[in-house]
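J.: This one is my_file.txt, compact mmCIF, C-alpha atoms.
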# COMPACT_ATOMS: atom_id res chain seq x y z
CA MET W 1 -2.62 -13.76 -24.60
CA ASP W 2 0.92 -13.24 -25.86
CA PRO W 3 2.24 -10.13 -24.03
CA ALA W 4 4.53 -9.29 -26.97
CA THR W 5 1.55 -8.69 -29.26
CA ALA W 6 -1.14 -7.77 -26.73
CA PHE W 7 -0.98 -4.04 -27.46
CA PRO W 8 -0.41 -2.63 -30.96
CA ASP W 9 1.28 0.55 -29.71
CA PRO W 10 2.26 2.40 -26.52
CA ALA W 11 -0.96 4.41 -26.54
CA SER W 12 -3.07 1.25 -26.34
CA LEU W 13 -0.95 -0.02 -23.45
CA ALA W 14 -1.39 3.30 -21.63
CA ALA W 15 -5.14 3.08 -22.17
CA ALA W 16 -5.27 -0.52 -20.92
CA VAL W 17 -3.38 0.18 -17.67
CA GLY W 18 -5.40 3.38 -17.35
CA ASP W 19 -8.53 1.26 -17.19
CA THR W 20 -7.05 -0.42 -14.10
CA GLY W 21 -6.49 2.98 -12.44
CA TYR W 22 -2.79 3.39 -13.30
CA LEU W 23 -1.95 6.56 -15.24
CA ALA W 24 1.25 6.08 -17.23
CA ASP W 25 2.84 9.03 -19.02
CA ASP W 26 4.03 8.73 -22.62
CA ASP W 27 7.65 7.91 -21.71
CA LEU W 28 6.71 5.12 -19.29
CA ALA W 29 4.10 3.66 -21.63
CA THR W 30 6.64 3.61 -24.46
CA VAL W 31 9.42 1.88 -22.54
CA ALA W 32 6.98 -0.65 -21.03
CA TRP W 33 5.57 -1.42 -24.49
CA LEU W 34 9.05 -1.84 -25.93
CA ALA W 35 10.05 -4.16 -23.08
CA MET W 36 7.07 -6.38 -23.81
CA ARG W 37 7.47 -6.28 -27.59
CA LEU W 38 11.22 -7.02 -27.44
CA GLY W 39 10.94 -9.58 -24.65
CA ARG W 40 13.27 -7.63 -22.38
CA PRO W 41 12.96 -7.03 -18.61
CA LEU W 42 11.97 -3.53 -17.51
CA LEU W 43 14.07 -2.04 -14.72
CA MET W 44 12.37 0.84 -12.91
CA GLU W 45 14.27 2.96 -10.42
CA GLY W 46 13.02 5.86 -8.35
CA GLU W 47 11.96 7.02 -4.92
CA PRO W 48 9.69 4.73 -2.89
CA GLY W 49 6.01 5.35 -3.52
CA THR W 50 6.30 6.56 -7.10
CA GLY W 51 4.30 3.69 -8.60
CA LYS W 52 6.95 1.18 -9.69
CA THR W 53 5.30 -1.85 -8.11
CA ALA W 54 1.86 -0.62 -9.12
CA LEU W 55 2.86 -0.72 -12.79
CA ALA W 56 3.54 -4.47 -12.59
CA GLU W 57 0.15 -4.98 -10.94
CA ALA W 58 -1.55 -2.87 -13.62
CA LEU W 59 0.17 -4.78 -16.45
CA ALA W 60 -0.99 -8.10 -14.99
CA ASP W 61 -4.55 -6.79 -14.76
CA ALA W 62 -4.45 -5.35 -18.27
CA LEU W 63 -3.07 -8.59 -19.74
CA ASP W 64 -5.37 -10.73 -17.56
CA VAL W 65 -2.42 -12.91 -16.50
CA PRO W 66 -1.11 -13.88 -13.03
CA LEU W 67 1.19 -11.54 -11.13
CA ILE W 68 4.02 -13.48 -9.47
CA ARG W 69 6.01 -11.42 -7.00
CA LEU W 70 9.53 -12.03 -5.74
CA GLN W 71 10.24 -9.72 -2.81
CA CYS W 72 13.99 -9.26 -2.46
CA TYR W 73 15.73 -8.83 0.87
CA GLU W 74 19.23 -8.93 2.28
CA GLY W 75 20.56 -12.48 2.13
CA ILE W 76 18.08 -13.87 -0.39
CA ASP W 77 19.54 -16.69 -2.47
CA ALA W 78 18.58 -18.88 -5.41
CA THR W 79 16.68 -21.34 -3.20
CA GLN W 80 14.17 -18.68 -2.14
CA ALA W 81 13.73 -17.62 -5.76
CA LEU W 82 13.71 -21.00 -7.53
CA TYR W 83 12.58 -24.07 -5.64
CA ASP W 84 12.96 -26.25 -2.61
CA TRP W 85 12.00 -29.81 -1.73
CA ASP W 86 9.15 -30.54 0.65
CA PHE W 87 11.19 -32.51 3.19
CA PRO W 88 8.34 -33.32 5.61
CA ARG W 89 6.28 -34.85 2.80
CA GLN W 90 9.32 -36.78 1.55
CA ILE W 91 9.85 -38.26 5.04
CA LEU W 92 6.18 -39.22 5.24
CA HIS W 93 6.51 -40.86 1.83
CA VAL W 94 9.48 -42.95 2.99
CA ARG W 95 7.63 -44.02 6.14
CA ALA W 96 4.60 -44.95 4.06
CA LEU W 97 6.79 -47.12 1.84
CA GLU W 98 8.32 -48.77 4.90
CA ALA W 99 4.88 -49.54 6.27
CA VAL W 100 3.70 -51.24 3.10
CA ALA W 101 4.01 -55.00 3.40
CA GLY W 102 6.13 -56.77 0.84
CA GLY W 103 9.64 -57.71 -0.09
CA PRO W 104 12.69 -55.45 -0.01
CA ARG W 105 12.54 -52.34 -2.19
CA ASP W 106 15.13 -51.09 -4.61
CA VAL W 107 16.98 -48.18 -2.95
CA GLY W 108 17.46 -46.35 -6.24
CA GLU W 109 13.76 -46.59 -7.00
CA VAL W 110 12.89 -45.18 -3.60
CA GLU W 111 15.33 -42.29 -3.99
CA GLU W 112 13.97 -41.51 -7.43
CA SER W 113 10.42 -41.42 -6.09
CA LEU W 114 11.46 -38.85 -3.46
CA PHE W 115 12.43 -36.29 -6.10
CA ASP W 116 9.16 -36.36 -7.95
CA ASP W 117 7.41 -33.19 -9.10
CA ARG W 118 4.76 -33.61 -6.39
CA PHE W 119 7.39 -32.91 -3.72
CA LEU W 120 8.73 -29.80 -5.46
CA LEU W 121 8.00 -26.42 -3.88
CA ALA W 122 8.14 -23.94 -6.74
CA ARG W 123 9.28 -20.45 -5.75
CA PRO W 124 8.46 -17.28 -7.76
CA VAL W 125 11.05 -17.53 -10.55
CA LEU W 126 10.34 -21.19 -11.28
CA ARG W 127 6.60 -20.54 -11.10
CA ALA W 128 6.96 -17.72 -13.63
CA LEU W 129 8.84 -19.95 -16.06
CA ARG W 130 6.25 -22.70 -15.69
CA GLU W 131 3.10 -20.56 -15.66
CA SER W 132 3.99 -17.95 -18.25
CA PRO W 133 2.43 -15.91 -19.75
CA CYS W 134 2.51 -13.98 -16.51
CA VAL W 135 4.07 -10.87 -15.00
CA LEU W 136 7.10 -11.54 -12.77
CA LEU W 137 7.72 -8.67 -10.37
CA VAL W 138 11.22 -8.67 -8.83
CA ASP W 139 10.64 -6.07 -6.17
CA GLU W 140 13.46 -4.03 -4.59
CA ILE W 141 16.30 -5.84 -6.37
CA ASP W 142 18.70 -3.32 -4.80
CA ARG W 143 18.21 -5.03 -1.42
CA ALA W 144 19.71 -8.30 -2.72
CA ASP W 145 23.44 -8.94 -3.05
CA ASP W 146 25.77 -9.34 -6.04
CA GLU W 147 25.50 -13.13 -6.13
CA PHE W 148 21.73 -12.98 -6.42
CA GLU W 149 22.02 -10.42 -9.22
CA ALA W 150 24.31 -12.82 -11.12
CA PHE W 151 21.85 -15.68 -10.66
CA LEU W 152 18.95 -13.55 -11.83
CA LEU W 153 20.90 -12.33 -14.85
CA GLU W 154 21.50 -15.92 -15.95
CA VAL W 155 17.80 -16.77 -15.71
CA LEU W 156 16.77 -13.62 -17.58
CA SER W 157 19.25 -14.43 -20.34
CA THR W 158 18.01 -17.98 -21.00
CA TRP W 159 14.46 -18.06 -19.56
CA SER W 160 15.32 -21.50 -18.24
CA VAL W 161 16.33 -23.24 -15.03
CA THR W 162 17.89 -26.67 -14.57
CA ILE W 163 16.69 -28.83 -11.67
CA PRO W 164 19.25 -31.66 -11.36
CA GLU W 165 16.68 -34.24 -10.28
CA LEU W 166 14.02 -33.33 -12.87
CA GLY W 167 15.73 -31.67 -15.82
CA THR W 168 15.51 -28.25 -17.44
CA VAL W 169 12.44 -26.03 -17.24
CA VAL W 170 12.13 -23.63 -20.17
CA ALA W 171 9.46 -20.93 -20.40
CA ALA W 172 7.21 -21.56 -23.41
CA THR W 173 6.55 -17.82 -23.48
CA PRO W 174 8.97 -15.48 -21.70
CA PRO W 175 7.24 -13.79 -18.76
CA VAL W 176 6.89 -10.03 -18.59
CA VAL W 177 9.57 -9.11 -16.05
CA VAL W 178 9.48 -5.88 -14.04
CA LEU W 179 12.37 -5.15 -11.68
CA THR W 180 12.12 -2.30 -9.20
CA SER W 181 14.86 -0.54 -7.28
CA ASN W 182 14.80 2.26 -4.72
CA ARG W 183 18.49 2.78 -5.53
CA THR W 184 19.80 2.07 -2.06
CA ARG W 185 22.82 0.76 -3.95
CA GLU W 186 23.97 0.73 -7.56
CA LEU W 187 23.08 -2.33 -9.61
CA HIS W 188 25.70 -4.02 -11.78
CA ASP W 189 26.07 -2.87 -15.36
CA ALA W 190 25.54 -6.43 -16.65
CA LEU W 191 22.03 -6.53 -15.21
CA LYS W 192 21.22 -3.04 -16.43
CA ARG W 193 22.38 -3.89 -19.95
CA ARG W 194 19.98 -6.83 -20.02
CA CYS W 195 17.03 -4.55 -19.20
CA LEU W 196 15.24 -1.55 -20.59
CA TYR W 197 15.46 1.26 -18.05
CA HIS W 198 13.15 3.95 -16.74
CA TRP W 199 13.59 6.40 -13.89
CA VAL W 200 10.24 7.13 -12.22
CA GLU W 201 9.84 10.69 -11.00
CA HIS W 202 7.19 11.97 -8.65
CA PRO W 203 4.35 13.11 -10.91
CA GLY W 204 3.50 16.73 -11.49
CA LEU W 205 0.61 18.29 -9.62
CA GLU W 206 -2.00 17.80 -12.36
CA ARG W 207 -1.00 14.20 -13.04
CA GLU W 208 -0.96 13.32 -9.35
CA LEU W 209 -4.40 14.85 -8.94
CA ALA W 210 -5.60 12.73 -11.85
CA ILE W 211 -4.12 9.65 -10.15
CA VAL W 212 -5.93 10.44 -6.90
CA ARG W 213 -9.20 10.94 -8.75
CA ALA W 214 -8.76 7.65 -10.60
CA ARG W 215 -7.70 5.56 -7.57
CA THR W 216 -9.92 7.19 -4.92
CA PRO W 217 -13.07 8.36 -6.71
CA GLU W 218 -14.93 8.48 -3.39
CA VAL W 219 -12.77 11.42 -2.18
CA PRO W 220 -14.35 14.83 -2.92
CA GLU W 221 -12.53 16.68 -5.67
CA ALA W 222 -11.81 19.75 -3.54
CA LEU W 223 -10.27 17.65 -0.75
CA ALA W 224 -8.21 15.65 -3.25
CA ALA W 225 -6.82 18.87 -4.72
CA GLN W 226 -5.90 20.18 -1.26
CA VAL W 227 -4.11 16.95 -0.35
CA VAL W 228 -2.12 16.90 -3.59
CA ARG W 229 -1.07 20.54 -3.20
CA ALA W 230 -0.01 19.89 0.41
CA VAL W 231 2.04 16.84 -0.59
CA HIS W 232 3.80 18.79 -3.34
CA ALA W 233 4.63 21.53 -0.85
CA MET W 234 6.13 18.90 1.48
CA ARG W 235 8.25 17.45 -1.33
CA SER W 236 9.70 20.87 -2.03
CA ASP W 237 11.35 20.73 1.40
CA THR W 238 14.73 19.25 0.59
CA GLU W 239 15.47 18.63 4.29
CA LEU W 240 12.88 15.84 4.65
CA LEU W 241 14.33 12.40 5.29
CA LYS W 242 11.55 10.66 3.34
CA PRO W 243 9.26 12.84 1.22
CA PRO W 244 5.78 11.35 0.76
CA GLY W 245 5.24 9.35 -2.41
CA VAL W 246 2.11 8.85 -4.48
CA ALA W 247 1.18 5.91 -2.26
CA GLU W 248 1.18 8.23 0.77
CA THR W 249 -0.89 10.81 -1.13
CA LEU W 250 -3.54 8.16 -1.82
CA ASP W 251 -3.46 6.92 1.77
CA TRP W 252 -3.79 10.44 3.16
CA ALA W 253 -6.73 11.26 0.91
CA ARG W 254 -8.49 8.01 1.90
CA ALA W 255 -7.78 8.59 5.62
CA LEU W 256 -9.18 12.12 5.59
CA HIS W 257 -12.27 10.99 3.71
CA THR W 258 -12.77 8.12 6.15
CA LEU W 259 -12.70 10.63 9.02
CA GLY W 260 -15.39 12.65 7.28
CA THR W 261 -13.08 15.59 6.55
CA ARG W 262 -14.42 17.93 3.89
CA GLU W 263 -11.58 20.46 3.95
CA LEU W 264 -7.90 20.04 4.76
CA ASP W 265 -7.09 22.55 7.49
CA THR W 266 -4.29 22.81 10.01
CA GLU W 267 -6.10 20.73 12.63
CA SER W 268 -7.09 17.84 10.35
CA ALA W 269 -3.65 17.83 8.72
CA ALA W 270 -1.84 17.72 12.07
CA ARG W 271 -4.01 14.83 13.34
CA THR W 272 -3.38 12.71 10.25
CA LEU W 273 0.19 13.66 9.38
CA GLY W 274 1.40 10.19 10.30
CA VAL W 275 -0.34 8.81 7.23
CA ALA W 276 1.85 10.88 4.90
CA LEU W 277 5.12 11.11 6.84
CA LYS W 278 6.88 8.15 8.43
CA TYR W 279 9.77 9.82 10.28
CA ARG W 280 9.37 11.73 13.54
CA GLU W 281 11.79 14.42 12.39
CA ASP W 282 9.82 14.96 9.18
CA ALA W 283 6.51 15.15 11.04
CA GLN W 284 7.91 17.72 13.49
CA ARG W 285 9.35 19.81 10.67
CA ILE W 286 6.14 19.81 8.66
CA SER W 287 3.92 20.38 11.70
CA ALA W 288 5.75 23.62 12.34
CA ALA W 289 5.13 24.73 8.76
CA LEU W 290 1.52 23.60 8.21
CA ASP W 291 0.12 27.15 8.03
CA ARG W 292 2.48 27.93 5.15
CA ILE W 293 1.97 24.59 3.43
CA LEU W 294 -1.84 24.81 3.50
CA THR W 295 -1.96 28.39 2.27
CA PRO W 296 -3.39 28.34 -1.28
Using the file provided, produce a representation of the structure as structure tokens.

T.:
Amino acid sequence: MDPATAFPDPASLAAAVGDTGYLADDDLATVAWLAMRLGRPLLMEGEPGTGKTALAEALADALDVPLIRLQCYEGIDATQALYDWDFPRQILHVRALEAVAGGPRDVGEVEESLFDDRFLLARPVLRALRESPCVLLVDEIDRADDEFEAFLLEVLSTWSVTIPELGTVVAATPPVVVLTSNRTRELHDALKRRCLYHWVEHPGLERELAIVRARTPEVPEALAAQVVRAVHAMRSDTELLKPPGVAETLDWARALHTLGTRELDTESAARTLGVALKYREDAQRISAALDRILTP
């Protein structure tokens, strides 16, 4: 399936990812559809837990293509993203050649055999170019450094990579590329210009409740509504270090249901607050305000 023509319009894309359990609003569905139709990467920024990574997973499911994920981190370089050589297997290959009886071997021939495709360890970016159509998720690009951004920009501009020993690999079909950023630092303008951009907000109460119903249908509707209202009340506290995202809402609803909770009260909320809040200071602050937060 060619991703560029897979969906005739944004509404059909929204319906397709909706079937996977991801509810995209009109703005997100439109920019994602345009990114696929125009063959441009989609850069999504926003708070952690707002569904940026989940969109890439939903697109892969909807397109029925592989999801290839590149998790960025401080210090990542082109080797971790592109390829490496399987040195242990190359050494074994040399020893095997030495053990074979016969006359002297041509050194150049031996060296050439060492850099064969069978010894190549393809990393996510190279895999995406080779295996496309696929969805390439470049997760948390803001954690990488400027040099890695420059490398990635070059690949996204040409959809090709040159391996000196083997030649140039060009994607037959450009992969669908989704970049996510929690905005721990500003990305360079050159990378942003290459992408279509969307800022992902926390959803409104009704949309978040619809997400919980779609992703956790086993949770009773009344409990789901209580959890969503409580999470929205927490997010209204501007003093929290890390407000809960949609991912935490889903986890909290599942945790309460697993415990057999039918109604979210002060006791059940206090016992499970660590599912929704990940900082001690936040948990202490919310614990002191649970009566207010849980008041309808």

J.: With distances taken over all atoms listed in the file, which residue among W:Ala171, W:Val177, W:Leu187, W:Ala16 lies nearest Phe148 in chain W?

T.: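 Of all the options, W:Leu187 lies closest to Phe148 in chain W.
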
J.: Of the candidates W:Ala32, W:Ala214, W:Ala255, W:Leu277, which shows the shortest atom-to-atom distance to Leu240 in chain W, using all atoms listed in the file?

T.: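 Comparing W:Ala32, W:Ala214, W:Ala255, W:Leu277 against Leu240 in chain W, the winner is W:Leu277.
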
J.: Measuring atom to atom with all atoms listed in the file, identify which of W:Glu218, W:Glu186, W:Glu131, W:Glu281 is nearest to Thr258 in chain W.

T.: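 Looking only at the distances to Thr258 in chain W, the closest residue turns out to be W:Glu218.
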
J.: List the spatial neighbours of Ile293 in chain W as a list of chain:residue names - criterion: any atom at most 8 Å away, all atoms listed in the file, same-chain residues fewer than 3 positions off excluded.

T.: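 Within the cut-off, the hits are W:Ala230, W:Ala233, W:Met234, W:Ala289, W:Leu290.
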
J.: Of the candidates W:Thr180, W:Asp9, W:Pro217, W:Asp251, which one gets nearest to Cys195 in chain W if we count only C-alpha atoms?

T.: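 With only C-alpha atoms as the atom set, the closest residue is W:Thr180.
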
J.: When distances are computed from all atoms listed in the file, which of W:Ala58, W:Leu67, W:Leu259, W:Val125 shows the smallest separation from Ala15 in chain W?

T.: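 Ranking W:Ala58, W:Leu67, W:Leu259, W:Val125 by distance to Ala15 in chain W, first place goes to W:Ala58.
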
J.: For Leu152 in chain W, which residue among W:Lys52, W:Arg37, W:Arg292, W:Lys192 is the nearest when counting all atoms listed in the file?

T.: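 The closest residue to Leu152 in chain W is W:Lys192.
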
J.: Would you list the contacts of Arg254 in chain W as a list in words, taking every protein, DNA or RNA residue within 12 Å and counting all atoms listed in the file, but skipping same-chain residues closer than 6 positions in sequence?

T.: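 Contacts, in chain order: Val212, Arg213, Arg215, Thr216, Pro217, Glu218, Val219, Pro220, Leu223, Ala224, Val227, Ala247, Glu248, Gly260, Thr261, Arg262, Thr272, Val275 and Ala276 of chain W.
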